[in-house]
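Asks: Structure provided below as structure tokens; questions to follow.
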Amino acid sequence: MGSLFFIAGLILGSFYNVVGLRVPEHQSIIHPPSHCMSCGHRLSAIDLIPVFSYLLSKGRCQYCHSKVPRLYPIVEAATAGLFATSFYAIGWSSELFAAGALVSLLVIIFVSDIHYMLIPDKVLMVFAPLFLFLRLWVAPFDSWWQPFIGGAVGFIIPFAVAVVSRGNMGGGDIKLFLVLGLILGWKGVLAAFFLSTAYGGLIGGAALLVGKIERGKPIPFGPFIVLGTLTAYFFGDALLRWYFHF
């Protein structure tokens with residue numbers, strides 16, 4: 001079953017690449033069919049096998065020989081790994097649906113923010129009611145009001161940071177934390193916010209020191225939110241117990 005979840009993640013990861021690239025550009029995710037971004041040639045079935053097509057073609061388009069971005073197979077493999085990890089960590093339970101939905105949102109956000117430094121409202125508007133449905137009827141918290149409190153906390157804290165820092169946190173990040181609060185609850189979204197800012201400070205600071213980014217140049221915060229949220233979701237309870245004990 002773990003292998004089946006891995007394969008499903010490969011396939012969905014390829015689709016999430018499309019969503020993350022097309023939605024910010026206000027393009028249809030269905031039409032036109034998948035094609036080379038350089039020459040426009042429509043890709044055949046053999047060109048669309050997640051990860052393996054990239055390896056077989058040695059990272060180049062078979063028609064114009066232009067380089068295919070490495071991000072494509074990385075996202076496909078990461079989605080597969082996260083789906084398999086969710087199954088092994090959670091097992092057969094209703095929570096597995098929540099994990100799959102959360103991973104799906106985070107992968108799409110990662111792609112769109114890396115490419116465009118943008119978190120699309122359309123994507124958040126699809127996942128917000130889905131998260132509420134999951135937390136109210138499929139995989140509910142102990143109390144029905146927890147997703148609403150989580151959403152409120154997820155909005156208020158980054159909004160306050162944006163006000164104090166005079167806009168150093170984008171509106172898309174604030175809305176993303178609101179939606180994440182619906183599925184994580186208030187404790188989970190607090191942990192996700194703390195870990196996201198910690199990852200951003202540590203990794204961003206290290207990148208600045210080695211010259212990978214320029215001082216004063218904005219960088220996408222979405223990938224750090226993805227990393228912080230995944231850490232909070234899978235290890236949040238253990239981290240909170242350790243923190244309060246410490």
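Ordering of the structure tokens sets the chain letters (A, B, ...), residue numbers begin anew at 1 in every chain, and ligands are numbered from 1 in the order given.
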With DSSP run on the backbone, what are the alpha helix (DSSP H) residues within range 90-183 of chain A? I'd like them as a PyMOL selection string.

Replies: chain A and resi 90+95-116+121-133+146-164+171-183

Asks: I'd like the neighbourhood of Pro220 in chain A as a PDB file with C-alpha atoms, in the first residue's frame, where a residue qualifies if any of its atoms comes within 12 Å (using only C-alpha atoms), though same-chain residues fewer than 6 positions away should be ignored.

Replies:
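Dumped to part_28.pdb:
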```
ATOM      1  CA  ILE A 109       1.992  26.634  -3.088  1.00  0.00           C
ATOM      2  CA  PHE A 110       5.650  25.639  -3.235  1.00  0.00           C
ATOM      3  CA  VAL A 111       5.615  25.556  -7.039  1.00  0.00           C
ATOM      4  CA  SER A 112       3.746  28.837  -7.492  1.00  0.00           C
ATOM      5  CA  ASP A 113       5.775  30.761  -4.915  1.00  0.00           C
ATOM      6  CA  ILE A 114       9.119  29.500  -6.240  1.00  0.00           C
ATOM      7  CA  HIS A 115       8.220  30.518  -9.813  1.00  0.00           C
ATOM      8  CA  TYR A 116       6.219  33.700  -9.292  1.00  0.00           C
ATOM      9  CA  MET A 117       6.607  34.689  -5.612  1.00  0.00           C
ATOM     10  CA  LEU A 118       2.823  34.465  -5.527  1.00  0.00           C
ATOM     11  CA  ILE A 119       0.310  32.409  -3.539  1.00  0.00           C
ATOM     12  CA  ASN A 168       7.512  42.550   5.322  1.00  0.00           C
ATOM     13  CA  MET A 169       5.041  39.662   5.284  1.00  0.00           C
ATOM     14  CA  GLY A 170       2.938  39.370   2.135  1.00  0.00           C
ATOM     15  CA  GLY A 172      -0.646  35.768   0.346  1.00  0.00           C
ATOM     16  CA  ASP A 173       1.307  34.402   3.317  1.00  0.00           C
ATOM     17  CA  SER A 196       8.372  28.696   9.249  1.00  0.00           C
ATOM     18  CA  GLY A 200      13.322  31.334   7.018  1.00  0.00           C
ATOM     19  CA  GLY A 204      17.767  32.684   4.521  1.00  0.00           C
ATOM     20  CA  ILE A 213      20.806  35.842  -2.189  1.00  0.00           C
ATOM     21  CA  VAL A 226       5.750  24.490   3.489  1.00  0.00           C
TER      22      VAL A 226
END
```

Asks: Between A:Cys39, A:Ala198, A:Pro24, A:Gly181, which is the closest to Pro120 in chain A once you count only C-alpha atoms?

Replies: A:Pro24

Asks: Find, counting only C-alpha atoms, the residue in A:Ile156, A:Leu56, A:Ile203, A:Cys64 that gets nearest to His41 in chain A.

Replies: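 Closest residue, counting only C-alpha atoms: A:Cys64.
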
Asks: Under the rule that only C-alpha atoms are counted, which of A:Ala99, A:Leu230, A:Leu208, A:Val123 is the nearest residue to Ala192 in chain A?

Replies: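 Closest candidate: A:Leu230.
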
Asks: Between A:Leu195, A:Leu209, A:Ile7, A:Leu124, which has the minimum distance to Ile174 in chain A (counting only C-alpha atoms)?

Replies: A:Leu124

Asks: Counting only C-alpha atoms, which of A:Lys58, A:Val51, A:Val179, A:Trp242 gets nearest to Ala101 in chain A?

Replies: A:Val179

Asks: With only C-alpha atoms as the atoms that count, which of A:Leu10, A:Ala232, A:Ile49, A:Ala152 lies nearest to Val107 in chain A?

Replies: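 For Val107 in chain A, the nearest of the given residues is A:Leu10.
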
Asks: Find the residues near Met125 in chain A: any atom within 12 Å, counting only C-alpha atoms, skip ones fewer than 4 places away on the same chain, and give them as a PyMOL selection string.

Replies: chain A and resi 105+119-121+129-132+172+175-176+178-180
